[in-house]
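*Asks:* Could you have a look at this structure, given as structure tokens, before my questions?
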Amino acid sequence: MRDASPSGPPLPEHPELREIALAMEGAGASGDIMDARWRTVFISSELARLTGIAPREVGRYYGESIVIRHLDHPMTWGTDEETSVTWWRLNVPIMRRYLQPDDPDFDEVFGSAAESAARTRPAAHVPRGWQHTVSFPPEHGFRRSVLRDLTFLELRLTGDDGDFLGVARLVRTALPEGLLTRLGRGDRRLFERMDRVSEPDRRPAGILFADLEASGDLSRRLSSRSYFDLIRSLTDLIDSSVIARDGIVGKHAGDGGSALFLTADFGGSESGAARAAIEAARAIHDGAATLGPDEVSVKVNVGLHWGATLMVGQVATGGRLEVTALGDQMNEGARIEAVAKGGAILASKDLVERLNAADAQATGIDPDAIAYTPLGELDAAGAKAIRDAGTIPVTEI
């Protein structure tokens with residue numbers, strides 16, 4: 001009986017293959033292992049994540065060969081037609097070196113492709129390692145989580161006695177390592193939070209919008225290089241303030257940004273999400289004063305709102321990976337920020353009254369003592385703010 005960690009995949013029974021599987025899992029490697037009969041005996045957590053399968057559910061593919069996985073589960077493991085042909089020409093001769101047509105496992109390994117496999121000449125030599133790149137059709141499950149191409153590095157495994165044990169397959173994107181290193185500069189915790197919302201769903205969250213005040217005037221006063229440095233520093237300030245408080249960075253538009261603080265990331269606590277949004281807003285407000293050269297004053301306006309019925313999900317295309325939220329409250333949050341002036345933080349009553357007693361005390365806010373003003377009654381409220389969010393009660397915090 002295979003065992004597994006509480007949340008990890010089942011491990012191979014063979015002791016030497018088990019050692020390799022544990023090393024792959026410990027290193028966070030994406031890949032799988034085939035035994036000497038070309039049956040799947042291990043699928044790593046990372047490869048399961050790419051396929052959209054829970055690690056403890058990969059066991060249903062154990063015992064199947066890679067050929068059967070491709071044939072019987074095309075939307076999970078299949079590749080496009082060109083890749084399938086190239087894969088067959090490279091791998092089946094190697095498989096045939098260890099598996100003959102009269103072997104009782106032959107038909108089980110190759111399934112409906114057994115006749116074609118029987119006609120394939122076995123490889124005269126099996127290398128220690130070989131690699132190939134695979135592509136997936138547009139509707140494939142992999143396309144939601146990776147770039148179009150993946151590269152597989154396949155390693156022939158032998159035991160201490162020299163006997164063939166199977167093959168370990170390591171998976172990586174077809175991007176160069178140098179570029180992956182650049183892309184990997186982001187915060188891992190943020191990416192994990194983004195991964196948890198890969199599929200769109202209703203998710204309550206605190207909403208934050210931040211924008212540089214008087215950006216047009218600043219761009220005229222500063223050199224292009226200095227203004228670019230200012231915007232880059234502001235972007236880093238917004239992102240770091242959000243990430244440090246377990247939020248998800250949203251879209252950046254020129255000289256501003258947005259963020260979400262999902263209740264699910266705070267143990268289901270609306271109060272925890274609201275407090276994190278407030279603390280991030282204050283960190284952005286305080287940090288903005290340190291940005292830019294001494295001769296200019298940098299102020300960032302922040303709007304905070306609560307989204308009870310937001311549709312939140314991941315948008316992954318060939319050019320971007322981001323989390324997007326849709327709903328009336330997002331539009332209202334943007335209008336609240338647009339009315340904030342002078343480096344103010346404007347928060348809606350909906351957000352502030354999510355705070356419980358402990359979080360209210362931690363933020364120095366007494367929700368029961370605050371007076372609110374409808375957004376449309378503030379001097380800076382324009383036509384759009386009045387139209388979209390004029391009746392929403394807000395307060396400066």
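Chain labels follow the order of the structure tokens: the first chain is A, the next B, and so on; residue numbering restarts at 1 in every chain, and ligands are counted from 1 in their shown order.
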Which residues, written as a list in words, have at least one atom at most 9 Å from Gly63 in chain A, with only C-alpha atoms counted and residues fewer than 3 positions away on the same chain left out?
*Replies:*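 With the cut-off at 9 Å, the set is Met34, Trp38, Arg39, Thr40, Val41, Gly59 and Arg60 of chain A.
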*Asks:* Check the DSSP output for the backbone and give back, as an MDAnalysis selection string, the residues of range 143-366 of chain A in helix (DSSP H, G or I).
*Replies:* chainID A and resid 143:144 177:183 188:195 215:221 224:243 263:266 270:288 328:339 349:352 357:363
*Asks:* To one decimal place in Å, what is the distance between CA of Ser215 in chain A and CA of Gly256 in chain A?
*Replies:*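 Going from CA of Ser215 in chain A over to CA of Gly256 in chain A, I get 9.8 Å.
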*Asks:* Find the residue from A:Leu150, A:Val67, A:Ala274, A:Val126 that sits nearest to Gly111 in chain A; use only C-alpha atoms when measuring.
*Replies:*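 Distance minimum relative to Gly111 in chain A lands on A:Val67.
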*Asks:* Excluding Ile243 in chain A and its own-chain neighbours fewer than 3 positions away, which residues fall within 12 Å of it when counting only C-alpha atoms? Please give them as a ChimeraX atom specification.
*Replies:* /A:186-194,236-240,246-250,258-261,265,276-277,279-281,283-284
*Asks:* Per DSSP on the backbone, filter range 127-366 of chain A down to the residues in strand (DSSP E or B) and report them as a PyMOL selection string.
*Replies:* chain A and resi 129-135+149-158+164-173+201-202+205-212+248-252+256-262+300-307+311-316+321-326+345-348
*Asks:* Which distance in Å separates CA of Tyr372 in chain A and CA of Lys349 in chain A, to one decimal?
*Replies:*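 Interatomic distance here is 7.3 Å.
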*Asks:* If you count only C-alpha atoms, which residues fall within 6 Å of range 165-170 of chain A, apart from same-chain ones fewer than 5 positions away, as a VMD selection string?
*Replies:* chain A and resid 30 to 36 152 to 158
*Asks:* Compile the contact shell of Thr391 in chain A as an MDAnalysis selection string: residues with an atom at most 8 Å away, counting only C-alpha atoms, same-chain residues fewer than 5 positions apart removed.
*Replies:* chainID A and resid 374:376 386
*Asks:* Could you take the residues named above and write them with C-alpha atoms, as an mmCIF file, in the first residue's frame?
*Replies:*
data_model
loop_
_atom_site.group_PDB
_atom_site.id
_atom_site.type_symbol
_atom_site.label_atom_id
_atom_site.label_comp_id
_atom_site.auth_asym_id
_atom_site.auth_seq_id
_atom_site.Cartn_x
_atom_site.Cartn_y
_atom_site.Cartn_z
ATOM 1 C CA PRO A 374 -22.085 60.520 1.538
ATOM 2 C CA LEU A 375 -19.416 60.555 -1.155
ATOM 3 C CA GLY A 376 -21.481 62.795 -3.415
ATOM 4 C CA ILE A 386 -21.939 61.150 -7.808
#
*Asks:* Would you kindly return, as a CSV table (one decimal) with N, CA and C atoms, in the first residue's frame, each protein, DNA or RNA residue with an atom no farther than 6 Å from any atom of range 76-88 of chain A, considering only C-alpha atoms and excluding same-chain residues fewer than 5 positions away?
*Replies:*
chain,number,residue,atom,x,y,z
A,70,HIS,N,-2.1,9.6,-22.1
A,70,HIS,CA,-2.4,10.5,-23.2
A,70,HIS,C,-3.6,10.1,-24.0
A,134,VAL,N,7.1,19.7,-25.6
A,134,VAL,CA,5.7,19.4,-26.0
A,134,VAL,C,4.8,20.6,-26.0
A,135,SER,N,3.8,20.6,-26.9
A,135,SER,CA,2.9,21.7,-27.0
A,135,SER,C,1.5,21.2,-26.8
A,136,PHE,N,0.6,22.1,-26.4
A,136,PHE,CA,-0.8,21.6,-26.1
A,136,PHE,C,-1.8,22.4,-26.9
A,137,PRO,N,-2.9,21.8,-27.3
A,137,PRO,CA,-3.9,22.5,-28.0
A,137,PRO,C,-4.5,23.6,-27.2
A,141,GLY,N,-6.2,21.8,-20.6
A,141,GLY,CA,-6.1,22.2,-19.3
A,141,GLY,C,-4.8,22.9,-18.9
